[in-house]
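Student: There's a structure below that I have some questions on.
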Amino acid sequence: MLEVVKSSRHKDGADDDGAGLDPRAVSSVWQQAVQRAEGGWAAVSGVVSAVGGVAAGELLAGFASPSLSPLTAVGGAVIDAVPPGVKDWAISIFGTADKAALLAGMALVIAALAALAGVLEYRRRFSGVAVMVIFGLAGTAAVLTRSQMTPTALALPLLAAVVAVVLLRFLVGMLQAWDEAAASHAAAGPPAAGETTHDPASARSRRSFLQSLAVTGILSGVGGVLAGIWRGATSAVSEARARTTLPTPASPAPPVPAAAEAGAAGTPPLVTPNRDFYRIDTALSVPAVNPDTWVLKVTGMVAREVQLSFADLLAKPLTERHITIACVSNDVGGDLIGNARWLGWPVRELLAQAGPAPGADMVLSRSADGWTAGTPLDVLTDNRDALLAVGMNGEPLPIEHGFPVRLVVPGLYGYVSATKWVTELKVTRFADDAGYWTPRGWSERGPIKASSRIDVPRSGRPVSAGTVVFAGVAWAQHTGIQKVELRINRGPWREAELAEGISLDTWYQWKLAVDLTPGQYEVQVRATDLKGQPQDETARPPAPDGATGFHTVRVDVKS
Ligand SMILES: Nc1nc2c(c(=O)[nH]1)N[C@H]1C(S)=C(S)[C@@H](COP(=O)(O)O)O[C@H]1N2
Ligand SMILES: [Mo]
């Protein structure tokens, strides 16, 4: 299409048959005026495209994880790259607004380059596209220098560039169509003095371009504003989290006994680090809950409604415990389970203040994003350590894991108990209310099923003949594990060495050394809880109330 435009522009009235005084001169002045105006529109198109691209990247980052923002990565790389003298100068000028100044500076540079890209693209197809692509690559290079580098983080700046390129091609294409129409009109002769131009084709394409520009501009602007709001909210919450100091527990977690480590190489750590802890929720973007305005309300069938602020909660005598939580979607042998040291206030204390009414049998906990879980009232009021948790492994809860406050209930799957970003506890009845997953085909009640997992050797990995160490974990939260057994090729069950539990509410490590000659083996594990109940051997999928069956690995023993 550009070729057509160019040839009509460069025809320059050559086939003009001479209406007016000096048709060639007037025609070329007229065309220059049009081209100058369109150069301006090309620059605007470039800026709008870049805003659209950056907004798309930031919004996607917002949805995926707060740490993925391409702008943050570029800003971080810029901060690292500038010499200390410049940094000191910036801080002396802008003070604590230095981050805002940096972002404003980045916005100006991006806008200038984007305007240039628009003009270039208008003059020569793909030259502006090249500028946008180089920009995307620079963003990816910036991410490479960051510690949060992940494939998604690397892809986001490129994705932003792709969006910008598509918008730029679209807008410049429309602009050139206008240009083409105007040029062919101008070739037909300039308007006489006092005469208004009347060129339906040119007016039409002008209108289409301006409409496209307006729509794209509004969408990009709205995207940019949303991304900005989200960014402001999450960075405010990250800062609030960084400022939070957790009180020392009134009831500290008993120290992890040395004998809780089975001591086999290659098994996951007994206490799961926060960054490796599985994350499951329905939140498209992580809720940004400001602890300064957070309140928890206890409502429903209670003698008195209670409200609790974050400061109130931190002032309570807190309990710290190791608790292993698990997802109902965890397949047999899966990794949607983790063990952390949680700090919080026992939920039963809060419920006691509210005074549940007779007849109530459920607590519907609600998250800031509307998600709900229905937990049996008796589980929250018995003597187990069901916590309104504020700390995870010695830190404030990570934002993804429910900052500022979540529930952690020993013995129940997360979907009926572990509400993150919790804002309300409604005391109610199973007959009257249901948690988020219950109408979606999952059971009303979700006690964790006893299960066990083989972590080493990994299924399908060759091992050498001789002594082979099998090891893994077993759990039956709030009941505890009595024994773990292994069987090879469906032979007799052999009892494994069971490490000491941290508590009944955590998983237990186990190991067993077996002498194996070369060959293929099928190895299965079985746990028995402290009530003497062996785990369910029937193979069942996670829905509707948790998978069962024996974790089975195939081991290839080489000579
Ligand atoms: N607000 C909210 N809380 C939630 C969920 C959710 O979707 N939204 N999912 C639950 C489920 S199904 C599980 S298994 C646990 C997982 O907690 P984690 O992500 O900290 O491991 O959170 C629970 N709490
Ligand atoms: Mo879950």
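In the structure tokens, chains take the letters A, B, ... in the order shown, each chain's residues start at 1, and ligands count up from 1 in the order shown.
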Please report as JSON lines every residue of chain A lying within 7 Å of ligand 1, along with the nearest atom pair and their distance in Å (one decimal), using only C-alpha atoms and all ligand atoms.
Tutor:
{"residue": "A:Phe277", "atom": "CA", "partner": "ligand 1", "partner_atom_place_in_ligand_line": "21 (O)", "distance": 6.1}
{"residue": "A:Tyr278", "atom": "CA", "partner": "ligand 1", "partner_atom_place_in_ligand_line": "21 (O)", "distance": 4.7}
{"residue": "A:Arg279", "atom": "CA", "partner": "ligand 1", "partner_atom_place_in_ligand_line": "19 (O)", "distance": 3.2}
{"residue": "A:Ile280", "atom": "CA", "partner": "ligand 1", "partner_atom_place_in_ligand_line": "19 (O)", "distance": 4.1}
{"residue": "A:Asp281", "atom": "CA", "partner": "ligand 1", "partner_atom_place_in_ligand_line": "7 (O)", "distance": 3.0}
{"residue": "A:Thr282", "atom": "CA", "partner": "ligand 1", "partner_atom_place_in_ligand_line": "7 (O)", "distance": 3.9}
{"residue": "A:Ala283", "atom": "CA", "partner": "ligand 1", "partner_atom_place_in_ligand_line": "7 (O)", "distance": 6.1}
{"residue": "A:Ala326", "atom": "CA", "partner": "ligand 1", "partner_atom_place_in_ligand_line": "14 (S)", "distance": 5.6}
{"residue": "A:Cys327", "atom": "CA", "partner": "ligand 1", "partner_atom_place_in_ligand_line": "14 (S)", "distance": 3.5}
{"residue": "A:Val328", "atom": "CA", "partner": "ligand 1", "partner_atom_place_in_ligand_line": "14 (S)", "distance": 6.4}
{"residue": "A:Ser367", "atom": "CA", "partner": "ligand 1", "partner_atom_place_in_ligand_line": "1 (N)", "distance": 4.6}
{"residue": "A:Ala368", "atom": "CA", "partner": "ligand 1", "partner_atom_place_in_ligand_line": "1 (N)", "distance": 6.9}
{"residue": "A:Asp369", "atom": "CA", "partner": "ligand 1", "partner_atom_place_in_ligand_line": "1 (N)", "distance": 6.4}
{"residue": "A:Trp371", "atom": "CA", "partner": "ligand 1", "partner_atom_place_in_ligand_line": "1 (N)", "distance": 5.1}
{"residue": "A:Thr372", "atom": "CA", "partner": "ligand 1", "partner_atom_place_in_ligand_line": "1 (N)", "distance": 6.9}
{"residue": "A:Glu400", "atom": "CA", "partner": "ligand 1", "partner_atom_place_in_ligand_line": "19 (O)", "distance": 6.8}
{"residue": "A:His401", "atom": "CA", "partner": "ligand 1", "partner_atom_place_in_ligand_line": "20 (O)", "distance": 4.1}
{"residue": "A:Gly402", "atom": "CA", "partner": "ligand 1", "partner_atom_place_in_ligand_line": "20 (O)", "distance": 6.8}
{"residue": "A:Tyr413", "atom": "CA", "partner": "ligand 1", "partner_atom_place_in_ligand_line": "14 (S)", "distance": 6.3}
{"residue": "A:Gly414", "atom": "CA", "partner": "ligand 1", "partner_atom_place_in_ligand_line": "13 (C)", "distance": 3.7}
{"residue": "A:Tyr415", "atom": "CA", "partner": "ligand 1", "partner_atom_place_in_ligand_line": "12 (S)", "distance": 3.7}
{"residue": "A:Ser417", "atom": "CA", "partner": "ligand 1", "partner_atom_place_in_ligand_line": "23 (C)", "distance": 6.8}
{"residue": "A:Ala418", "atom": "CA", "partner": "ligand 1", "partner_atom_place_in_ligand_line": "23 (C)", "distance": 4.4}
{"residue": "A:Thr419", "atom": "CA", "partner": "ligand 1", "partner_atom_place_in_ligand_line": "3 (N)", "distance": 3.8}
{"residue": "A:Lys420", "atom": "CA", "partner": "ligand 1", "partner_atom_place_in_ligand_line": "3 (N)", "distance": 3.9}
{"residue": "A:Trp421", "atom": "CA", "partner": "ligand 1", "partner_atom_place_in_ligand_line": "1 (N)", "distance": 5.6}
{"residue": "A:Val422", "atom": "CA", "partner": "ligand 1", "partner_atom_place_in_ligand_line": "1 (N)", "distance": 6.7}
Student: CA of Val54 in chain A to CA of Glu121 in chain A: how many Å, to one decimal?
Tutor: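 Going from CA of Val54 in chain A over to CA of Glu121 in chain A, I get 18.6 Å.
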Student: Taking into account only C-alpha atoms, which residue in the set A:Ala186, A:Val166, A:Ala434, A:Val74 is nearest to Thr140 in chain A?
Tutor: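 Closest to Thr140 in chain A of all the choices is A:Val74.
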Student: DSSP on the backbone: what in range 394-527 of chain A comes out helix (DSSP H, G or I), as a ChimeraX atom specification?
Tutor: /A:399-401,414-416,438-440
Student: How would the residues just chosen look if you wrote them out with N, CA and C atoms as a short mmCIF file (atom, residue, chain, number, x, y, z; two decimals), in the first residue's frame?
Tutor:
data_model
loop_
_atom_site.label_atom_id
_atom_site.label_comp_id
_atom_site.auth_asym_id
_atom_site.auth_seq_id
_atom_site.Cartn_x
_atom_site.Cartn_y
_atom_site.Cartn_z
N ILE A 399 2.94 -11.58 49.45
CA ILE A 399 1.67 -11.08 48.90
C ILE A 399 0.89 -12.21 48.23
N GLU A 400 1.60 -13.07 47.48
CA GLU A 400 0.94 -14.19 46.78
C GLU A 400 0.34 -15.19 47.77
N HIS A 401 0.85 -15.22 48.99
CA HIS A 401 0.36 -16.19 49.97
C HIS A 401 -0.58 -15.55 50.98
N GLY A 414 -6.84 -26.76 51.45
CA GLY A 414 -6.88 -25.30 51.34
C GLY A 414 -8.22 -24.75 50.88
N TYR A 415 -8.90 -25.49 49.99
CA TYR A 415 -10.12 -24.93 49.38
C TYR A 415 -11.26 -24.78 50.38
N VAL A 416 -11.18 -25.45 51.54
CA VAL A 416 -12.22 -25.28 52.56
C VAL A 416 -11.69 -24.61 53.82
N THR A 438 -17.70 -25.41 46.34
CA THR A 438 -18.74 -26.42 46.56
C THR A 438 -19.76 -26.48 45.42
N PRO A 439 -20.31 -25.34 44.97
CA PRO A 439 -21.24 -25.45 43.83
C PRO A 439 -20.54 -25.82 42.53
N ARG A 440 -19.20 -25.84 42.53
CA ARG A 440 -18.46 -26.17 41.32
C ARG A 440 -17.99 -27.63 41.32
#
Student: Could you check which of A:Asp335, A:Glu58, A:Asp361, A:Glu239 is closest to ligand 2, using only C-alpha atoms and all ligand atoms?
Tutor: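 Nearest candidate to ligand 2 out of A:Asp335, A:Glu58, A:Asp361, A:Glu239: A:Asp335.
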Student: Return as a list in words the full set of residues in range 204-340 of chain A whose backbone-based DSSP assignment is strand (DSSP E or B).
Tutor: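 DSSP-assigned strand (DSSP E or B) residues in range 204-340 of chain A: Ser251, Val295, Leu296, Lys297, Val298, Thr299, Gly300, Val302, Val306, Gln307, Leu308, Ser309, Thr319, Glu320, Arg321, His322, Ile323, Thr324, Ile325, Ala326, Ile337, Gly338, Asn339 and Ala340 of chain A.
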